[in-house]
Amino acid sequence: AQSVSQHNHHVILSEAASLELGCNYSYGGTVNLFWYVQYPGQHLQLLLKYFSGDPLVKGIKGFEAEFIKSKFSFNLRKPSVQWSDTAEYFCAVNADSSASKIIFGSGTRLSIRP
Amino acid sequence: DAMVIQNPRYQVTQFGKPVTLSCSQTLNHNVMYWYQQKSSQAPKLLFHYYDKDFNNEADTPDNFQSRRPNTSFCFLDIRSPGLGDAAMYLCATSRDLGQGADTQYFGPGTRLTVL
């Protein structure tokens with residue numbers, strides 16, 4: 001069965017620190033990959049996505065993610081975090097291009113110390 | 001502008017008392033989804049509608065039903081809520097199915113409490 005693993009449940013960083021959130025998936029075929037973010041009290045919103053092409057994907061608010069097929073990974077990065085990045089981050093995979101079933105990871109809560 | 005709207009934001013019901021959660025969208029998307037998200041867990045897909053075609057996930061309990069009377073609205077009916085059904089229920093839409101069209105847009109969710 002397809003699955004998505006996010007290694008860190010809670011990450012605490014100081015402002016200006018660099019961020020990397022891990023995401024691994026289990027599926028050997030073609031995948032679409034997503035990172036969603038949920039700010040406190042707000043709805044889930046798309047941060048970035050990978051469908052094909054350049055494996056380094058840039059998203060909103062300075063986030064980027066790199067798809068490494070050989071490692072089944074899609075880690076999220078940001079060189080310098082801000083207090084406003086405090087949120088829950090979900091990695092998600094759609095491994096069936098004919099449908100839209102997205103499998104979500106369990107999420108990583110990011111807390112930024114001002 | 002709100003694109004996916006869920007009402008109510010908070011719902012309290014009694015054990016066994018039917019409850020209906022509402023979702024509406026202004027995006028004119030073909031696909032509408034319902035997810036269940038329990039505390040500290042990933043959102044779990046319950047079912048989705050592609051236009052009027054209903055697609056149930058294999059492990060969704062029969063207690064959960066859905067209706068989509070038109071493009072804009074979709075309802076989640078829980079026929080006999082149990083304590084284990086307390087969760088956040090998320091509605092989402094996508095323009096279509098398949099690669100390139102399946103970015104999902106989420107509503108704010110309805111938090112269901114079962115007493």
# chains A, B, ... in the order shown; residues from 1 in each chain; ligands from 1
$ residues_around --residues "range 19-34 of chain A" --least-positions-apart "5" --cutoff "8 Å" --atoms "only C-alpha atoms" --output "ChimeraX atom specification"
/A:1-8,46-52,71-81,91-97,105,108 /B:99
$ interface_residues --of "chain B" --to "chain A" --cutoff "10 Å" --atoms "only C-alpha atoms" --output "PyMOL selection string"
chain B and resi 4+31+33+37+39-45+47-48+50+57+90+92+94+96-109
$ write_last_selection --atoms "N, CA, C and O atoms" --output "short mmCIF file (atom, residue, chain, number, x, y, z; two decimals), in the first residue's frame"
data_model
loop_
_atom_site.label_atom_id
_atom_site.label_comp_id
_atom_site.auth_asym_id
_atom_site.auth_seq_id
_atom_site.Cartn_x
_atom_site.Cartn_y
_atom_site.Cartn_z
N VAL B 4 -13.73 27.62 -0.82
CA VAL B 4 -14.35 26.41 -0.30
C VAL B 4 -14.84 26.74 1.11
O VAL B 4 -14.04 27.09 1.97
N VAL B 31 -14.66 18.11 -9.02
CA VAL B 31 -14.44 17.08 -8.00
C VAL B 31 -14.55 17.69 -6.61
O VAL B 31 -13.99 18.77 -6.35
N TYR B 33 -14.29 16.46 -2.39
CA TYR B 33 -13.78 15.40 -1.52
C TYR B 33 -14.19 15.67 -0.07
O TYR B 33 -14.30 16.82 0.35
N GLN B 37 -9.98 14.06 9.65
CA GLN B 37 -8.66 14.25 10.25
C GLN B 37 -8.79 14.22 11.76
O GLN B 37 -9.40 15.11 12.37
N SER B 39 -6.90 14.12 15.60
CA SER B 39 -5.81 14.88 16.19
C SER B 39 -4.46 14.23 15.93
O SER B 39 -4.28 13.03 16.13
N SER B 40 -3.51 15.04 15.44
CA SER B 40 -2.13 14.61 15.18
C SER B 40 -2.04 13.50 14.14
O SER B 40 -1.05 12.76 14.11
N GLN B 41 -3.05 13.39 13.29
CA GLN B 41 -3.01 12.38 12.23
C GLN B 41 -3.16 13.04 10.86
O GLN B 41 -3.57 14.19 10.75
N ALA B 42 -2.87 12.27 9.83
CA ALA B 42 -3.02 12.76 8.48
C ALA B 42 -4.49 12.80 8.10
O ALA B 42 -5.29 11.98 8.57
N PRO B 43 -4.90 13.73 7.24
CA PRO B 43 -6.24 13.67 6.69
C PRO B 43 -6.45 12.35 5.95
O PRO B 43 -5.57 11.89 5.22
N LYS B 44 -7.62 11.77 6.14
CA LYS B 44 -7.93 10.47 5.55
C LYS B 44 -9.13 10.64 4.63
O LYS B 44 -10.19 11.08 5.06
N LEU B 45 -8.96 10.26 3.37
CA LEU B 45 -10.04 10.42 2.41
C LEU B 45 -11.17 9.46 2.70
O LEU B 45 -10.97 8.26 2.86
N PHE B 47 -14.43 9.81 0.79
CA PHE B 47 -15.02 9.61 -0.53
C PHE B 47 -14.85 10.88 -1.34
O PHE B 47 -14.46 11.93 -0.83
N HIS B 48 -15.15 10.75 -2.63
CA HIS B 48 -15.18 11.94 -3.46
C HIS B 48 -16.24 11.80 -4.54
O HIS B 48 -16.68 10.68 -4.87
N TYR B 50 -16.95 12.87 -8.48
CA TYR B 50 -16.55 13.47 -9.75
C TYR B 50 -17.84 13.80 -10.48
O TYR B 50 -18.53 12.91 -10.96
N GLU B 57 -14.29 5.31 -0.60
CA GLU B 57 -13.08 4.57 -0.26
C GLU B 57 -13.49 3.25 0.40
O GLU B 57 -14.49 3.17 1.12
N LEU B 90 -12.77 17.72 6.67
CA LEU B 90 -12.28 18.65 5.67
C LEU B 90 -12.94 18.38 4.34
O LEU B 90 -13.01 17.23 3.89
N ALA B 92 -12.68 19.37 0.25
CA ALA B 92 -11.72 19.87 -0.72
C ALA B 92 -12.31 19.75 -2.12
O ALA B 92 -13.23 18.96 -2.35
N SER B 94 -11.16 19.84 -6.52
CA SER B 94 -10.15 19.95 -7.57
C SER B 94 -10.85 20.13 -8.90
O SER B 94 -12.00 19.70 -9.07
N ASP B 96 -10.32 18.86 -11.78
CA ASP B 96 -10.61 17.62 -12.49
C ASP B 96 -9.81 16.51 -11.84
O ASP B 96 -9.21 16.71 -10.78
N LEU B 97 -9.82 15.35 -12.45
CA LEU B 97 -9.00 14.25 -11.97
C LEU B 97 -7.77 14.13 -12.84
O LEU B 97 -7.78 14.54 -14.00
N GLY B 98 -6.73 13.53 -12.31
CA GLY B 98 -5.59 13.23 -13.12
C GLY B 98 -4.50 14.28 -13.02
O GLY B 98 -4.69 15.38 -12.52
N GLN B 99 -3.36 13.92 -13.56
CA GLN B 99 -2.16 14.72 -13.44
C GLN B 99 -2.36 16.13 -14.00
O GLN B 99 -2.92 16.31 -15.08
N GLY B 100 -1.91 17.08 -13.25
CA GLY B 100 -2.00 18.48 -13.67
C GLY B 100 -3.26 19.16 -13.22
O GLY B 100 -3.30 20.38 -13.12
N ALA B 101 -4.28 18.39 -12.95
CA ALA B 101 -5.56 19.00 -12.59
C ALA B 101 -5.98 18.66 -11.19
O ALA B 101 -7.03 19.09 -10.75
N ASP B 102 -5.16 17.91 -10.47
CA ASP B 102 -5.64 17.39 -9.21
C ASP B 102 -5.14 18.13 -7.99
O ASP B 102 -5.17 17.61 -6.91
N THR B 103 -4.67 19.37 -8.16
CA THR B 103 -4.37 20.17 -6.98
C THR B 103 -5.67 20.38 -6.23
O THR B 103 -6.68 20.80 -6.80
N GLN B 104 -5.65 20.09 -4.94
CA GLN B 104 -6.86 20.17 -4.15
C GLN B 104 -6.87 21.45 -3.32
O GLN B 104 -5.85 21.83 -2.74
N TYR B 105 -8.02 22.06 -3.26
CA TYR B 105 -8.24 23.28 -2.50
C TYR B 105 -9.15 22.95 -1.32
O TYR B 105 -10.24 22.41 -1.52
N PHE B 106 -8.70 23.29 -0.14
CA PHE B 106 -9.38 22.87 1.08
C PHE B 106 -10.20 23.99 1.71
O PHE B 106 -9.85 25.16 1.65
N GLY B 107 -11.29 23.55 2.34
CA GLY B 107 -12.04 24.44 3.19
C GLY B 107 -11.44 24.48 4.58
O GLY B 107 -10.48 23.75 4.87
N PRO B 108 -11.99 25.30 5.47
CA PRO B 108 -11.43 25.46 6.81
C PRO B 108 -11.73 24.30 7.75
O PRO B 108 -11.12 24.20 8.81
N GLY B 109 -12.65 23.44 7.35
CA GLY B 109 -12.97 22.29 8.17
C GLY B 109 -14.12 22.54 9.14
O GLY B 109 -14.43 23.68 9.50
#
$ residues_around --residues "range 65-73 of chain B" --least-positions-apart "4" --cutoff "8 Å" --atoms "only C-alpha atoms" --output "PyMOL selection string"
chain B and resi 22-26+28-30+49+51-52+77-79
$ atom_distance --atom1 "CA of Ile60 in chain A" --atom2 "CA of Ile5 in chain B"
22.8 Å
$ select_by_dssp --residues "range 49-107 of chain B" --states "strand (DSSP E or B)" --output "JSON list (two decimals) with N, CA, C and O atoms, in the first residue's frame"
[["chain", "number", "residue", "atom", "x", "y", "z"],
["B", 49, "TYR", "N", -16.68, 12.93, -5.04],
["B", 49, "TYR", "CA", -17.60, 13.00, -6.17],
["B", 49, "TYR", "C", -16.85, 13.56, -7.36],
["B", 49, "TYR", "O", -16.19, 14.60, -7.26],
["B", 50, "TYR", "N", -16.95, 12.87, -8.48],
["B", 50, "TYR", "CA", -16.55, 13.47, -9.75],
["B", 50, "TYR", "C", -17.84, 13.80, -10.48],
["B", 50, "TYR", "O", -18.53, 12.91, -10.96],
["B", 53, "ASP", "N", -20.83, 11.45, -10.00],
["B", 53, "ASP", "CA", -20.37, 10.08, -9.72],
["B", 53, "ASP", "C", -19.72, 10.01, -8.35],
["B", 53, "ASP", "O", -18.73, 10.70, -8.08],
["B", 54, "PHE", "N", -20.27, 9.13, -7.52],
["B", 54, "PHE", "CA", -19.80, 8.99, -6.15],
["B", 54, "PHE", "C", -18.75, 7.88, -6.08],
["B", 54, "PHE", "O", -18.95, 6.80, -6.64],
["B", 55, "ASN", "N", -17.64, 8.15, -5.40],
["B", 55, "ASN", "CA", -16.56, 7.18, -5.26],
["B", 55, "ASN", "C", -16.22, 7.03, -3.78],
["B", 55, "ASN", "O", -15.64, 7.92, -3.16],
["B", 56, "ASN", "N", -16.57, 5.89, -3.26],
["B", 56, "ASN", "CA", -16.36, 5.63, -1.84],
["B", 56, "ASN", "C", -15.03, 4.91, -1.63],
["B", 56, "ASN", "O", -14.68, 4.02, -2.41],
["B", 64, "PHE", "N", -21.05, 6.67, 7.20],
["B", 64, "PHE", "CA", -20.77, 7.92, 6.51],
["B", 64, "PHE", "C", -21.38, 7.87, 5.11],
["B", 64, "PHE", "O", -21.12, 6.95, 4.35],
["B", 65, "GLN", "N", -22.17, 8.90, 4.81],
["B", 65, "GLN", "CA", -22.80, 9.01, 3.50],
["B", 65, "GLN", "C", -22.54, 10.42, 2.97],
["B", 65, "GLN", "O", -22.17, 11.32, 3.72],
["B", 66, "SER", "N", -22.79, 10.59, 1.68],
["B", 66, "SER", "CA", -22.59, 11.91, 1.11],
["B", 66, "SER", "C", -23.63, 12.18, 0.04],
["B", 66, "SER", "O", -24.18, 11.23, -0.56],
["B", 67, "ARG", "N", -23.90, 13.45, -0.18],
["B", 67, "ARG", "CA", -24.82, 13.89, -1.22],
["B", 67, "ARG", "C", -24.21, 15.08, -1.93],
["B", 67, "ARG", "O", -23.59, 15.93, -1.30],
["B", 73, "PHE", "N", -22.48, 22.33, -4.13],
["B", 73, "PHE", "CA", -22.68, 21.86, -2.76],
["B", 73, "PHE", "C", -22.41, 20.38, -2.62],
["B", 73, "PHE", "O", -22.71, 19.58, -3.51],
["B", 74, "CYS", "N", -21.87, 20.03, -1.45],
["B", 74, "CYS", "CA", -21.68, 18.63, -1.11],
["B", 74, "CYS", "C", -21.89, 18.49, 0.40],
["B", 74, "CYS", "O", -21.41, 19.33, 1.18],
["B", 75, "PHE", "N", -22.60, 17.43, 0.80],
["B", 75, "PHE", "CA", -22.91, 17.22, 2.20],
["B", 75, "PHE", "C", -22.32, 15.92, 2.70],
["B", 75, "PHE", "O", -22.23, 14.95, 1.96],
["B", 76, "LEU", "N", -21.92, 15.93, 3.95],
["B", 76, "LEU", "CA", -21.48, 14.72, 4.63],
["B", 76, "LEU", "C", -22.50, 14.40, 5.71],
["B", 76, "LEU", "O", -22.76, 15.23, 6.58],
["B", 77, "ASP", "N", -23.11, 13.22, 5.61],
["B", 77, "ASP", "CA", -24.09, 12.77, 6.59],
["B", 77, "ASP", "C", -23.47, 11.66, 7.42],
["B", 77, "ASP", "O", -22.98, 10.67, 6.88],
["B", 78, "ILE", "N", -23.53, 11.84, 8.73],
["B", 78, "ILE", "CA", -23.11, 10.78, 9.64],
["B", 78, "ILE", "C", -24.37, 10.27, 10.32],
["B", 78, "ILE", "O", -25.01, 11.00, 11.08],
["B", 87, "ALA", "N", -13.85, 14.41, 15.20],
["B", 87, "ALA", "CA", -12.69, 14.70, 14.35],
["B", 87, "ALA", "C", -12.93, 16.02, 13.65],
["B", 87, "ALA", "O", -13.99, 16.63, 13.76],
["B", 88, "MET", "N", -11.92, 16.44, 12.89],
["B", 88, "MET", "CA", -12.08, 17.55, 11.97],
["B", 88, "MET", "C", -12.45, 16.95, 10.62],
["B", 88, "MET", "O", -11.81, 15.99, 10.17],
["B", 89, "TYR", "N", -13.48, 17.49, 9.99],
["B", 89, "TYR", "CA", -13.89, 17.02, 8.67],
["B", 89, "TYR", "C", -13.57, 18.11, 7.65],
["B", 89, "TYR", "O", -14.04, 19.25, 7.75],
["B", 90, "LEU", "N", -12.77, 17.72, 6.67],
["B", 90, "LEU", "CA", -12.28, 18.65, 5.67],
["B", 90, "LEU", "C", -12.94, 18.38, 4.34],
["B", 90, "LEU", "O", -13.01, 17.23, 3.89],
["B", 91, "CYS", "N", -13.38, 19.45, 3.70],
["B", 91, "CYS", "CA", -13.89, 19.37, 2.33],
["B", 91, "CYS", "C", -12.83, 19.96, 1.41],
["B", 91, "CYS", "O", -12.15, 20.93, 1.77],
["B", 92, "ALA", "N", -12.68, 19.37, 0.25],
["B", 92, "ALA", "CA", -11.72, 19.87, -0.72],
["B", 92, "ALA", "C", -12.31, 19.75, -2.12],
["B", 92, "ALA", "O", -13.23, 18.96, -2.35],
["B", 93, "THR", "N", -11.77, 20.53, -3.04],
["B", 93, "THR", "CA", -12.20, 20.44, -4.43],
["B", 93, "THR", "C", -10.98, 20.39, -5.34],
["B", 93, "THR", "O", -9.89, 20.84, -4.97],
["B", 94, "SER", "N", -11.16, 19.84, -6.52],
["B", 94, "SER", "CA", -10.15, 19.95, -7.57],
["B", 94, "SER", "C", -10.85, 20.13, -8.90],
["B", 94, "SER", "O", -12.00, 19.70, -9.07],
["B", 105, "TYR", "N", -8.02, 22.06, -3.26],
["B", 105, "TYR", "CA", -8.24, 23.28, -2.50],
["B", 105, "TYR", "C", -9.15, 22.95, -1.32],
["B", 105, "TYR", "O", -10.24, 22.41, -1.52],
["B", 106, "PHE", "N", -8.70, 23.29, -0.14],
["B", 106, "PHE", "CA", -9.38, 22.87, 1.08],
["B", 106, "PHE", "C", -10.20, 23.99, 1.71],
["B", 106, "PHE", "O", -9.85, 25.16, 1.65]]
$ select_by_dssp --residues "chain A" --states "helix (DSSP H, G or I)" --output "ChimeraX atom specification"
/A:60-62,69-71,83-85
$ decode --residues "range 76-110 of chain B" --atoms "C-alpha atoms" --output "PDB file, in the first residue's frame"
ATOM      1  CA  LEU B  76     -21.481  14.720   4.630  1.00  0.00           C
ATOM      2  CA  ASP B  77     -24.087  12.773   6.588  1.00  0.00           C
ATOM      3  CA  ILE B  78     -23.112  10.776   9.642  1.00  0.00           C
ATOM      4  CA  ARG B  79     -26.067   8.549  10.365  1.00  0.00           C
ATOM      5  CA  SER B  80     -25.240   7.461  13.897  1.00  0.00           C
ATOM      6  CA  PRO B  81     -22.177   9.258  15.229  1.00  0.00           C
ATOM      7  CA  GLY B  82     -20.028   7.399  17.684  1.00  0.00           C
ATOM      8  CA  LEU B  83     -17.403   8.787  20.015  1.00  0.00           C
ATOM      9  CA  GLY B  84     -14.765   7.635  17.563  1.00  0.00           C
ATOM     10  CA  ASP B  85     -16.188   9.901  14.869  1.00  0.00           C
ATOM     11  CA  ALA B  86     -15.155  13.045  16.712  1.00  0.00           C
ATOM     12  CA  ALA B  87     -12.692  14.697  14.349  1.00  0.00           C
ATOM     13  CA  MET B  88     -12.083  17.555  11.969  1.00  0.00           C
ATOM     14  CA  TYR B  89     -13.888  17.022   8.668  1.00  0.00           C
ATOM     15  CA  LEU B  90     -12.284  18.651   5.670  1.00  0.00           C
ATOM     16  CA  CYS B  91     -13.895  19.366   2.335  1.00  0.00           C
ATOM     17  CA  ALA B  92     -11.717  19.872  -0.725  1.00  0.00           C
ATOM     18  CA  THR B  93     -12.198  20.440  -4.433  1.00  0.00           C
ATOM     19  CA  SER B  94     -10.145  19.945  -7.567  1.00  0.00           C
ATOM     20  CA  ARG B  95     -10.766  21.101 -11.094  1.00  0.00           C
ATOM     21  CA  ASP B  96     -10.610  17.619 -12.489  1.00  0.00           C
ATOM     22  CA  LEU B  97      -9.000  14.252 -11.972  1.00  0.00           C
ATOM     23  CA  GLY B  98      -5.589  13.235 -13.123  1.00  0.00           C
ATOM     24  CA  GLN B  99      -2.157  14.724 -13.439  1.00  0.00           C
ATOM     25  CA  GLY B 100      -1.995  18.478 -13.666  1.00  0.00           C
ATOM     26  CA  ALA B 101      -5.561  19.004 -12.595  1.00  0.00           C
ATOM     27  CA  ASP B 102      -5.643  17.387  -9.215  1.00  0.00           C
ATOM     28  CA  THR B 103      -4.373  20.174  -6.980  1.00  0.00           C
ATOM     29  CA  GLN B 104      -6.862  20.175  -4.149  1.00  0.00           C
ATOM     30  CA  TYR B 105      -8.235  23.280  -2.504  1.00  0.00           C
ATOM     31  CA  PHE B 106      -9.384  22.873   1.076  1.00  0.00           C
ATOM     32  CA  GLY B 107     -12.042  24.439   3.191  1.00  0.00           C
ATOM     33  CA  PRO B 108     -11.431  25.457   6.809  1.00  0.00           C
ATOM     34  CA  GLY B 109     -12.971  22.286   8.174  1.00  0.00           C
ATOM     35  CA  THR B 110     -15.759  21.451  10.596  1.00  0.00           C
TER      36      THR B 110
END
